[in-house]
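*Asks:* Dumping the structure here so I can ask a few things about it.
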Amino acid sequence: MRVKKERIEKDLKDLARHSADTGGKGITRLPFTPEDEACRKEIIEKFEEAGLKVYTDGIGNIFGRREGANPELPPVMIGSHLDTVINAGIFDGPAGVVAGLEVCRTLNDLSIKTERSIEVANFVIEESTAFGKSCIGSRAIAGVLDYDELAELKDKSGRSLQDAFKEHGVTKKEIEDTRREKGSIDSYIELHIEQSDNLIKAEKPVGIVTAIAAATRFKVTITGQASHSGATPMDERKDALCAAAEIILGIENIAAEEAGKDTVGTVGNVVVKPGAINVVPGEAELAVDLRDINKQDKNRATEKIIGLIDNVGQKRNVRAEYVITASDTPVPASTRVLDTIKEAADTIAIPHLVMHSAAAHDAAYIAEVADMGMIFIRSYGGSHNPDEWAEFEDVAAAVEVLLEAAINLSSAK
Ligand SMILES: [Zn+2]
């Protein structure tokens, strides 16, 4: 291997030191905190040590640039995020940034001058933990971040994301300036730990991503009639929770049996009112999350869920209403980048699984302006929890594939 496992391991452990106090339960690094600032500072130092030219854009995304022989050409970009959820592992996010850095250092070691420049990116606020919306930095690059909406996104203390940005000198203009033209980045590869166990099951260290799934989200409100649990006969009830239960199981069935092979549907939250043991529930609110990598399958499942909500409402004589709170489009990887990554893995004989990403990533937004691909690393314990773990051998294997792909992409004129 040309990449150095020890350097990657050191970087990840260095960055993991920047954390709020978690009482030993993983790391927590939310945006705009001192630990986030310190982590940003450290990655800049590491970029500079590797000889990269560092710059930040309007919203605060950080880039380290290794100049190519032809700096006029759109660069090859490698990136991810340094912010984390609460009680996170050390890989989700930082692995992708460190991977880009290691690619540049290895190119230095090998004295390879690429034709195109290579830029390593850290996108701000990828996790929705603090403000309830994900991929803020990459959305701004894609030009799909609505400035007015930032006033509605609030953290636990009630501070809006718009105000938090203002305190850091980021206003509407800076966010608009962050937008990049389509094609201004040649290609983008994100390396990330896998967030489920497909690679463990396949006994492969590396995954190559064909598409990123997207979600449609519903808020469903069912209004029946709250009444005495003892005095209301069964045939006179308008039980909102029973209607909700039918909808929940119906959604499970639609996702499992009636939609596409990759469709997944989840009701992750139920609020029941008044919520007392002796009262027939008068109201129930459901949070529905539907995901797919196939747009047609997701649309079909959405139609079926809407039909189900209407049917159950009529049959049970309750008011069943819904709002669609998000409807994103699944994003396929670019064929050119996907083929380059597959070829790279074959050339250097790294066992890999071709798969899709069930979770969202910055890559889905950077795909608006660049040809996109992703590489996954086998991860134990999932992610977004302190048990998240990847073997450094696996991380290095994935970075080696990334290196090979980056050399190919950046040598094209
Ligand atoms: Zn992540």
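Note on naming: chains are A, B, ... as they come in the structure tokens, residues start from 1 per chain, ligands start from 1 in the order shown.
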For Glu119 (chain A), find every residue with an atom within 7 Å (counting only C-alpha atoms), except residues of its own chain fewer than 4 positions away, and show them as a VMD selection string.
*Replies:* chain A and resid 63 to 66 75 to 78
*Asks:* Write out as a VMD selection string the residues lying within 12 Å of region 237-239 of chain A, counting only C-alpha atoms and excluding same-chain residues fewer than 3 positions away.
*Replies:* chain A and resid 222 to 234 242 to 246 272 to 275 279 to 284 312 to 320
*Asks:* Could the residues of chain A that have an atom at most 9 Å from ligand 1 be listed as a tab-separated table, each with its closest atom pair and the distance in Å to one decimal, counting only C-alpha atoms and all ligand atoms and ordered by chain and ascending residue number?
*Replies:*
```
residue	atom	partner	partner_atom_place_in_ligand_line	distance
A:Ser80	CA	ligand 1	1 (Zn)	7.1
A:His81	CA	ligand 1	1 (Zn)	6.5
A:Leu82	CA	ligand 1	1 (Zn)	8.4
A:Asp83	CA	ligand 1	1 (Zn)	8.4
A:Thr84	CA	ligand 1	1 (Zn)	7.6
A:Phe91	CA	ligand 1	1 (Zn)	8.2
A:Asp92	CA	ligand 1	1 (Zn)	4.5
A:Gly93	CA	ligand 1	1 (Zn)	4.3
A:Pro94	CA	ligand 1	1 (Zn)	8.1
A:Ala95	CA	ligand 1	1 (Zn)	9.0
A:Gly96	CA	ligand 1	1 (Zn)	8.6
A:Glu126	CA	ligand 1	1 (Zn)	6.9
A:Glu127	CA	ligand 1	1 (Zn)	7.0
A:His192	CA	ligand 1	1 (Zn)	6.6
A:Ile193	CA	ligand 1	1 (Zn)	7.8
A:Gln195	CA	ligand 1	1 (Zn)	8.9
A:Ala359	CA	ligand 1	1 (Zn)	8.8
A:Ala360	CA	ligand 1	1 (Zn)	8.1
A:His361	CA	ligand 1	1 (Zn)	6.3
A:Asp362	CA	ligand 1	1 (Zn)	8.0
A:Ser383	CA	ligand 1	1 (Zn)	8.5
A:His384	CA	ligand 1	1 (Zn)	8.5
```
*Asks:* Compare A:Thr329, A:Thr302, A:Asn408, A:Thr266 by their minimum atom-to-atom distance to Ile212 (chain A), counting only C-alpha atoms, and give me the closest one.
*Replies:*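 When distances to Ile212 (chain A) are compared using only C-alpha atoms, the smallest one comes from A:Thr329.
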*Asks:* Skip region 147-155 of chain A itself and residues of its chain fewer than 5 positions away, then list as a list in words all residues within 9 Å of it, counting only C-alpha atoms.
*Replies:*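 Here the qualifying residues turn out to be Thr129, Ala130, Phe131, Gly132, Lys133, Ser160, Leu161, Gln162, Asp163, Thr171, Lys172, Ile175 and Glu176 of chain A.
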